[in-house]
Amino acid sequence: MRSTILFLVGCVLGATGVLLYLTETQRLVAAAPPAAVSHGSPVVVRPNGSPPDLRPATSAQPGSNEPVIIPVQGVTADHIKRSFNDSRGFRLHHALDILAPRNTPVLAAVPGTIKKLFVSRDGGITIYEFDRNQEREYYYAHLDHYATFLREGMNVEQGDVIGYVGTTGNAPANTPHLHFAVSILPPTKEWWKGQPIDPYPLLVP
(Lines give C-alpha, C1' and ligand atoms only; values in the text may rest on other atoms or scores of the structure.)
Protein backbone atom coordinates (compact mmCIF):
# COMPACT_ATOMS: atom_id res chain seq x y z
CA MET A 1 0.00 0.00 0.00
CA ARG A 2 2.79 2.37 0.96
CA SER A 3 4.68 1.67 -2.25
CA THR A 4 1.52 2.41 -4.26
CA ILE A 5 1.13 5.81 -2.55
CA LEU A 6 4.80 6.65 -3.16
CA PHE A 7 4.39 5.67 -6.80
CA LEU A 8 1.35 7.93 -7.23
CA VAL A 9 3.12 10.84 -5.50
CA GLY A 10 6.09 10.37 -7.83
CA CYS A 11 3.83 10.46 -10.87
CA VAL A 12 2.18 13.68 -9.69
CA LEU A 13 5.54 15.34 -9.01
CA GLY A 14 6.89 14.25 -12.40
CA ALA A 15 3.86 15.58 -14.24
CA THR A 16 4.13 18.88 -12.37
CA GLY A 17 7.79 19.20 -13.38
CA VAL A 18 7.02 18.58 -17.04
CA LEU A 19 4.22 21.14 -16.95
CA LEU A 20 6.51 23.79 -15.40
CA TYR A 21 9.20 23.09 -18.02
CA LEU A 22 6.77 23.47 -20.90
CA THR A 23 5.36 26.71 -19.45
CA GLU A 24 8.83 28.25 -19.07
CA THR A 25 9.85 27.22 -22.59
CA GLN A 26 6.73 28.85 -24.03
CA ARG A 27 7.48 32.06 -22.13
CA LEU A 28 11.05 32.24 -23.45
CA VAL A 29 9.96 31.65 -27.05
CA ALA A 30 7.30 34.35 -26.81
CA ALA A 31 9.80 36.85 -25.36
CA ALA A 32 12.49 36.23 -27.97
CA PRO A 33 12.82 38.87 -30.75
CA PRO A 34 11.64 37.73 -34.19
CA ALA A 35 14.32 36.50 -36.54
CA ALA A 36 15.32 38.90 -39.32
CA VAL A 37 13.90 37.92 -42.70
CA SER A 38 15.73 38.84 -45.87
CA HIS A 39 13.48 39.46 -48.85
CA GLY A 40 16.34 40.08 -51.26
CA SER A 41 16.84 43.15 -53.46
CA PRO A 42 15.04 43.88 -56.74
CA VAL A 43 17.33 44.07 -59.75
CA VAL A 44 17.06 45.08 -63.38
CA VAL A 45 18.22 43.25 -66.46
CA ARG A 46 21.77 44.02 -67.53
CA PRO A 47 22.26 43.61 -71.28
CA ASN A 48 25.89 42.57 -70.79
CA GLY A 49 25.05 39.99 -68.12
CA SER A 50 27.06 41.74 -65.39
CA PRO A 51 26.06 41.28 -61.72
CA PRO A 52 23.21 43.48 -60.45
CA ASP A 53 23.93 46.64 -58.46
CA LEU A 54 22.66 46.15 -54.91
CA ARG A 55 24.17 49.30 -53.39
CA PRO A 56 21.81 51.71 -51.65
CA ALA A 57 20.76 54.86 -53.51
CA THR A 58 23.05 57.84 -53.03
CA SER A 59 23.16 61.46 -54.16
CA ALA A 60 26.85 62.00 -53.39
CA GLN A 61 28.13 60.93 -56.80
CA PRO A 62 28.33 62.80 -60.12
CA GLY A 63 24.92 63.45 -61.62
CA SER A 64 23.98 65.94 -64.32
CA ASN A 65 27.57 66.36 -65.56
CA GLU A 66 27.68 62.77 -66.76
CA PRO A 67 27.09 62.00 -70.44
CA VAL A 68 23.61 60.88 -71.47
CA ILE A 69 23.19 57.86 -73.73
CA ILE A 70 20.40 57.30 -76.24
CA PRO A 71 17.84 55.44 -74.12
CA VAL A 72 16.63 52.98 -76.77
CA GLN A 73 18.76 49.98 -77.61
CA GLY A 74 20.13 49.99 -81.17
CA VAL A 75 19.07 53.56 -82.03
CA THR A 76 21.82 55.86 -83.29
CA ALA A 77 22.05 59.65 -83.31
CA ASP A 78 21.19 59.97 -87.00
CA HIS A 79 17.75 58.46 -86.32
CA ILE A 80 16.79 61.08 -83.73
CA LYS A 81 14.78 64.08 -84.89
CA ARG A 82 14.29 67.38 -83.07
CA SER A 83 10.76 67.72 -81.71
CA PHE A 84 11.15 69.59 -78.42
CA ASN A 85 9.27 72.68 -79.63
CA ASP A 86 6.79 70.88 -81.87
CA SER A 87 3.13 71.60 -81.27
CA ARG A 88 0.97 68.94 -79.64
CA GLY A 89 -2.48 70.46 -79.79
CA PHE A 90 -2.58 73.34 -77.30
CA ARG A 91 0.86 72.63 -75.85
CA LEU A 92 4.48 72.13 -76.86
CA HIS A 93 5.97 68.66 -77.02
CA HIS A 94 8.94 69.36 -74.69
CA ALA A 95 10.38 65.90 -75.41
CA LEU A 96 11.83 63.66 -78.09
CA ASP A 97 9.99 60.79 -79.76
CA ILE A 98 12.45 57.98 -80.43
CA LEU A 99 10.90 55.47 -82.83
CA ALA A 100 11.73 51.77 -82.49
CA PRO A 101 9.96 48.42 -82.91
CA ARG A 102 7.61 47.40 -80.13
CA ASN A 103 9.38 45.75 -77.16
CA THR A 104 12.78 47.21 -78.04
CA PRO A 105 14.64 47.56 -74.71
CA VAL A 106 14.56 51.02 -73.11
CA LEU A 107 17.82 51.87 -71.30
CA ALA A 108 18.58 54.09 -68.34
CA ALA A 109 20.02 57.23 -69.94
CA VAL A 110 22.15 57.97 -66.87
CA PRO A 111 23.02 56.23 -63.62
CA GLY A 112 20.48 57.16 -60.99
CA THR A 113 17.42 56.16 -58.99
CA ILE A 114 13.98 55.07 -60.14
CA LYS A 115 11.91 57.73 -58.41
CA LYS A 116 8.42 56.98 -59.69
CA LEU A 117 6.59 54.31 -61.66
CA PHE A 118 3.37 55.81 -62.92
CA VAL A 119 0.53 55.03 -65.32
CA SER A 120 -1.29 58.02 -66.80
CA ARG A 121 -3.90 58.64 -69.49
CA ASP A 122 -1.48 60.50 -71.79
CA GLY A 123 1.88 58.92 -70.97
CA GLY A 124 0.67 55.38 -70.44
CA ILE A 125 3.24 53.27 -68.61
CA THR A 126 5.98 55.67 -67.49
CA ILE A 127 9.21 55.88 -65.49
CA TYR A 128 10.65 58.91 -63.70
CA GLU A 129 14.38 58.58 -63.01
CA PHE A 130 16.47 61.03 -60.95
CA ASP A 131 20.19 61.36 -61.61
CA ARG A 132 22.56 60.65 -58.73
CA ASN A 133 22.69 64.27 -57.61
CA GLN A 134 18.92 64.65 -57.90
CA GLU A 135 19.44 67.62 -60.20
CA ARG A 136 17.77 66.27 -63.35
CA GLU A 137 14.83 64.03 -64.01
CA TYR A 138 14.58 61.64 -66.97
CA TYR A 139 11.11 60.66 -68.10
CA TYR A 140 10.31 57.57 -70.19
CA ALA A 141 6.75 57.22 -71.50
CA HIS A 142 4.47 55.06 -73.71
CA LEU A 143 6.26 51.91 -72.50
CA ASP A 144 4.83 48.52 -73.34
CA HIS A 145 5.88 47.18 -69.93
CA TYR A 146 8.53 47.55 -67.24
CA ALA A 147 11.66 45.44 -66.87
CA THR A 148 11.23 42.51 -64.51
CA PHE A 149 11.67 43.47 -60.82
CA LEU A 150 11.86 47.23 -61.53
CA ARG A 151 10.84 49.03 -58.33
CA GLU A 152 10.63 52.59 -57.05
CA GLY A 153 13.68 53.65 -55.08
CA MET A 154 16.12 51.21 -56.67
CA ASN A 155 19.48 52.14 -58.20
CA VAL A 156 20.13 51.70 -61.90
CA GLU A 157 23.33 52.06 -63.87
CA GLN A 158 23.56 53.74 -67.24
CA GLY A 159 22.52 51.26 -69.92
CA ASP A 160 20.41 49.03 -67.66
CA VAL A 161 17.22 47.79 -69.31
CA ILE A 162 14.35 49.45 -67.42
CA GLY A 163 11.42 48.96 -69.82
CA TYR A 164 10.31 48.24 -73.37
CA VAL A 165 9.07 50.46 -76.20
CA GLY A 166 5.32 50.47 -76.67
CA THR A 167 2.25 52.55 -77.48
CA THR A 168 0.48 52.91 -74.14
CA GLY A 169 -1.24 56.18 -73.28
CA ASN A 170 -2.09 58.47 -76.18
CA ALA A 171 0.60 57.13 -78.54
CA PRO A 172 -0.65 56.02 -81.99
CA ALA A 173 -1.20 52.26 -81.90
CA ASN A 174 0.82 51.73 -85.10
CA THR A 175 3.78 53.94 -84.10
CA PRO A 176 5.67 52.43 -81.17
CA HIS A 177 8.17 54.89 -79.74
CA LEU A 178 9.75 56.19 -76.55
CA HIS A 179 8.65 59.63 -75.40
CA PHE A 180 11.83 60.86 -73.70
CA ALA A 181 11.97 64.08 -71.67
CA VAL A 182 14.54 65.73 -69.39
CA SER A 183 13.78 68.29 -66.68
CA ILE A 184 15.68 70.36 -64.14
CA LEU A 185 14.33 69.44 -60.72
CA PRO A 186 13.13 72.14 -58.30
CA PRO A 187 14.81 72.42 -54.86
CA THR A 188 11.83 70.59 -53.39
CA LYS A 189 12.45 67.62 -55.74
CA GLU A 190 8.84 66.92 -56.75
CA TRP A 191 8.93 64.55 -59.71
CA TRP A 192 6.01 66.35 -61.41
CA LYS A 193 7.42 69.91 -61.19
CA GLY A 194 10.60 69.84 -63.29
CA GLN A 195 11.57 72.56 -65.78
CA PRO A 196 11.83 70.93 -69.25
CA ILE A 197 15.07 71.16 -71.22
CA ASP A 198 15.73 69.95 -74.76
CA PRO A 199 17.20 66.40 -74.69
CA TYR A 200 18.43 66.61 -78.29
CA PRO A 201 21.79 68.35 -77.54
CA LEU A 202 22.40 65.82 -74.75
CA LEU A 203 22.01 62.86 -77.13
CA VAL A 204 23.34 64.24 -80.41
CA PRO A 205 26.78 65.92 -80.27
# chains A, B, ... in the order shown; residues from 1 in each chain; ligands from 1
>>> residues_around(residues="Ile184 of chain A", least_positions_apart="4", cutoff="10 Å", atoms="only C-alpha atoms", output="list in words")
Ser64, Phe130, Gln134, Glu135, Arg136, Glu137, Tyr138, Lys189, Trp191, Lys193, Gly194, Gln195, Pro196 and Ile197 of chain A
>>> select_by_dssp(residues="segment 58-195 of chain A", states="strand (DSSP E)", output="ChimeraX atom specification")
/A:87-88,91-92,96-99,105-107,112-120,124-131,136-146,155-156,161-165,177-184,195
>>> closest_residue(among="A:Lys116, A:His142, A:Pro111, A:Pro186", to="Pro172 of chain A", atoms="only C-alpha atoms")
A:His142
>>> closest_residue(among="A:Asn155, A:Thr104, A:Asn170, A:Ser83", to="Glu129 of chain A", atoms="only C-alpha atoms")
A:Asn155
>>> residues_around(residues="Lys81 of chain A", least_positions_apart="2", cutoff="10 Å", atoms="only C-alpha atoms", output="PyMOL selection string")
chain A and resi 77-79+83-84+96-99+200+204
>>> residues_around(residues="Ala141 of chain A", least_positions_apart="6", cutoff="6 Å", atoms="only C-alpha atoms", output="number ranges by chain")
A: 123, 126, 178-179
>>> residues_around(residues="Tyr146 of chain A", least_positions_apart="6", cutoff="7 Å", atoms="only C-alpha atoms", output="list in words")
Ile162, Gly163 and Tyr164 of chain A
>>> atom_distance(atom1="atom CA of Pro199 of chain A", atom2="atom CA of Ile80 of chain A")
10.5 Å
>>> residues_around(residues="Tyr139 of chain A", least_positions_apart="3", cutoff="7 Å", atoms="only C-alpha atoms", output="PyMOL selection string")
chain A and resi 127-129+180-182
>>> residues_around(residues="Pro101 of chain A", least_positions_apart="4", cutoff="8 Å", atoms="only C-alpha atoms", output="PyMOL selection string")
chain A and resi 165+176-177
>>> closest_residue(among="A:Ser120, A:Thr168, A:Ser183, A:Asn133", to="Asn103 of chain A", atoms="only C-alpha atoms")
A:Thr168
>>> closest_residue(among="A:Pro187, A:Gly159, A:Gly153, A:Gly124", to="Val68 of chain A", atoms="only C-alpha atoms")
A:Gly159
>>> decode(residues="segment 115-126 of chain A", atoms="all heavy atoms", output="PDB file, in the first residue's frame")
ATOM      1  N   LYS A 115      12.660  56.952 -59.393  1.00  0.00           N
ATOM      2  CA  LYS A 115      11.915  57.725 -58.410  1.00  0.00           C
ATOM      3  C   LYS A 115      10.433  57.387 -58.419  1.00  0.00           C
ATOM      4  O   LYS A 115       9.790  57.322 -57.370  1.00  0.00           O
ATOM      5  CB  LYS A 115      12.100  59.231 -58.685  1.00  0.00           C
ATOM      6  CG  LYS A 115      11.488  60.123 -57.617  1.00  0.00           C
ATOM      7  CD  LYS A 115      12.182  59.931 -56.282  1.00  0.00           C
ATOM      8  CE  LYS A 115      11.634  60.880 -55.231  1.00  0.00           C
ATOM      9  NZ  LYS A 115      12.303  60.675 -53.919  1.00  0.00           N
ATOM     10  N   LYS A 116       9.864  57.190 -59.614  1.00  0.00           N
ATOM     11  CA  LYS A 116       8.416  56.977 -59.686  1.00  0.00           C
ATOM     12  C   LYS A 116       8.067  56.091 -60.871  1.00  0.00           C
ATOM     13  O   LYS A 116       8.553  56.303 -61.975  1.00  0.00           O
ATOM     14  CB  LYS A 116       7.692  58.329 -59.822  1.00  0.00           C
ATOM     15  CG  LYS A 116       6.181  58.251 -59.743  1.00  0.00           C
ATOM     16  CD  LYS A 116       5.704  57.916 -58.350  1.00  0.00           C
ATOM     17  CE  LYS A 116       4.190  57.918 -58.249  1.00  0.00           C
ATOM     18  NZ  LYS A 116       3.740  57.509 -56.891  1.00  0.00           N
ATOM     19  N   LEU A 117       7.223  55.092 -60.605  1.00  0.00           N
ATOM     20  CA  LEU A 117       6.589  54.307 -61.661  1.00  0.00           C
ATOM     21  C   LEU A 117       5.131  54.735 -61.688  1.00  0.00           C
ATOM     22  O   LEU A 117       4.448  54.693 -60.661  1.00  0.00           O
ATOM     23  CB  LEU A 117       6.714  52.814 -61.370  1.00  0.00           C
ATOM     24  CG  LEU A 117       8.139  52.276 -61.211  1.00  0.00           C
ATOM     25  CD1 LEU A 117       8.114  50.790 -60.899  1.00  0.00           C
ATOM     26  CD2 LEU A 117       8.989  52.563 -62.441  1.00  0.00           C
ATOM     27  N   PHE A 118       4.674  55.145 -62.862  1.00  0.00           N
ATOM     28  CA  PHE A 118       3.368  55.805 -62.917  1.00  0.00           C
ATOM     29  C   PHE A 118       2.657  55.443 -64.209  1.00  0.00           C
ATOM     30  O   PHE A 118       3.287  55.326 -65.266  1.00  0.00           O
ATOM     31  CB  PHE A 118       3.574  57.323 -62.822  1.00  0.00           C
ATOM     32  CG  PHE A 118       2.330  58.119 -62.593  1.00  0.00           C
ATOM     33  CD1 PHE A 118       1.645  58.053 -61.391  1.00  0.00           C
ATOM     34  CD2 PHE A 118       1.834  58.950 -63.592  1.00  0.00           C
ATOM     35  CE1 PHE A 118       0.492  58.803 -61.176  1.00  0.00           C
ATOM     36  CE2 PHE A 118       0.685  59.716 -63.390  1.00  0.00           C
ATOM     37  CZ  PHE A 118       0.013  59.633 -62.174  1.00  0.00           C
ATOM     38  N   VAL A 119       1.354  55.265 -64.131  1.00  0.00           N
ATOM     39  CA  VAL A 119       0.532  55.031 -65.325  1.00  0.00           C
ATOM     40  C   VAL A 119      -0.452  56.182 -65.442  1.00  0.00           C
ATOM     41  O   VAL A 119      -1.207  56.467 -64.503  1.00  0.00           O
ATOM     42  CB  VAL A 119      -0.220  53.694 -65.227  1.00  0.00           C
ATOM     43  CG1 VAL A 119      -1.090  53.489 -66.464  1.00  0.00           C
ATOM     44  CG2 VAL A 119       0.758  52.536 -65.076  1.00  0.00           C
ATOM     45  N   SER A 120      -0.418  56.870 -66.595  1.00  0.00           N
ATOM     46  CA  SER A 120      -1.290  58.020 -66.801  1.00  0.00           C
ATOM     47  C   SER A 120      -2.056  57.875 -68.108  1.00  0.00           C
ATOM     48  O   SER A 120      -1.696  57.061 -68.973  1.00  0.00           O
ATOM     49  CB  SER A 120      -0.482  59.322 -66.826  1.00  0.00           C
ATOM     50  OG  SER A 120       0.336  59.388 -67.976  1.00  0.00           O
ATOM     51  N   ARG A 121      -3.082  58.691 -68.280  1.00  0.00           N
ATOM     52  CA  ARG A 121      -3.896  58.640 -69.495  1.00  0.00           C
ATOM     53  C   ARG A 121      -3.067  58.997 -70.720  1.00  0.00           C
ATOM     54  O   ARG A 121      -3.178  58.346 -71.766  1.00  0.00           O
ATOM     55  CB  ARG A 121      -5.068  59.614 -69.360  1.00  0.00           C
ATOM     56  CG  ARG A 121      -6.024  59.603 -70.559  1.00  0.00           C
ATOM     57  CD  ARG A 121      -7.058  60.704 -70.434  1.00  0.00           C
ATOM     58  NE  ARG A 121      -6.418  62.020 -70.434  1.00  0.00           N
ATOM     59  CZ  ARG A 121      -7.068  63.162 -70.265  1.00  0.00           C
ATOM     60  NH1 ARG A 121      -8.369  63.166 -70.056  1.00  0.00           N
ATOM     61  NH2 ARG A 121      -6.420  64.320 -70.287  1.00  0.00           N
ATOM     62  N   ASP A 122      -2.255  60.050 -70.628  1.00  0.00           N
ATOM     63  CA  ASP A 122      -1.481  60.499 -71.789  1.00  0.00           C
ATOM     64  C   ASP A 122      -0.181  59.722 -71.957  1.00  0.00           C
ATOM     65  O   ASP A 122       0.159  59.289 -73.055  1.00  0.00           O
ATOM     66  CB  ASP A 122      -1.165  61.997 -71.656  1.00  0.00           C
ATOM     67  CG  ASP A 122      -2.410  62.862 -71.762  1.00  0.00           C
ATOM     68  OD1 ASP A 122      -3.414  62.378 -72.321  1.00  0.00           O
ATOM     69  OD2 ASP A 122      -2.377  64.005 -71.286  1.00  0.00           O
ATOM     70  N   GLY A 123       0.567  59.562 -70.878  1.00  0.00           N
ATOM     71  CA  GLY A 123       1.885  58.924 -70.973  1.00  0.00           C
ATOM     72  C   GLY A 123       1.848  57.418 -70.963  1.00  0.00           C
ATOM     73  O   GLY A 123       2.827  56.771 -71.330  1.00  0.00           O
ATOM     74  N   GLY A 124       0.728  56.838 -70.544  1.00  0.00           N
ATOM     75  CA  GLY A 124       0.666  55.384 -70.444  1.00  0.00           C
ATOM     76  C   GLY A 124       1.561  54.885 -69.322  1.00  0.00           C
ATOM     77  O   GLY A 124       1.608  55.459 -68.233  1.00  0.00           O
ATOM     78  N   ILE A 125       2.300  53.825 -69.593  1.00  0.00           N
ATOM     79  CA  ILE A 125       3.236  53.267 -68.610  1.00  0.00           C
ATOM     80  C   ILE A 125       4.508  54.102 -68.644  1.00  0.00           C
ATOM     81  O   ILE A 125       5.165  54.208 -69.692  1.00  0.00           O
ATOM     82  CB  ILE A 125       3.531  51.793 -68.932  1.00  0.00           C
ATOM     83  CG1 ILE A 125       2.240  50.978 -68.851  1.00  0.00           C
ATOM     84  CG2 ILE A 125       4.581  51.228 -67.990  1.00  0.00           C
ATOM     85  CD1 ILE A 125       2.385  49.535 -69.311  1.00  0.00           C
ATOM     86  N   THR A 126       4.866  54.712 -67.516  1.00  0.00           N
ATOM     87  CA  THR A 126       5.983  55.674 -67.493  1.00  0.00           C
ATOM     88  C   THR A 126       6.958  55.379 -66.356  1.00  0.00           C
ATOM     89  O   THR A 126       6.631  54.694 -65.379  1.00  0.00           O
ATOM     90  CB  THR A 126       5.468  57.114 -67.333  1.00  0.00           C
ATOM     91  OG1 THR A 126       4.915  57.275 -66.014  1.00  0.00           O
ATOM     92  CG2 THR A 126       4.396  57.444 -68.358  1.00  0.00           C
TER      93      THR A 126
END
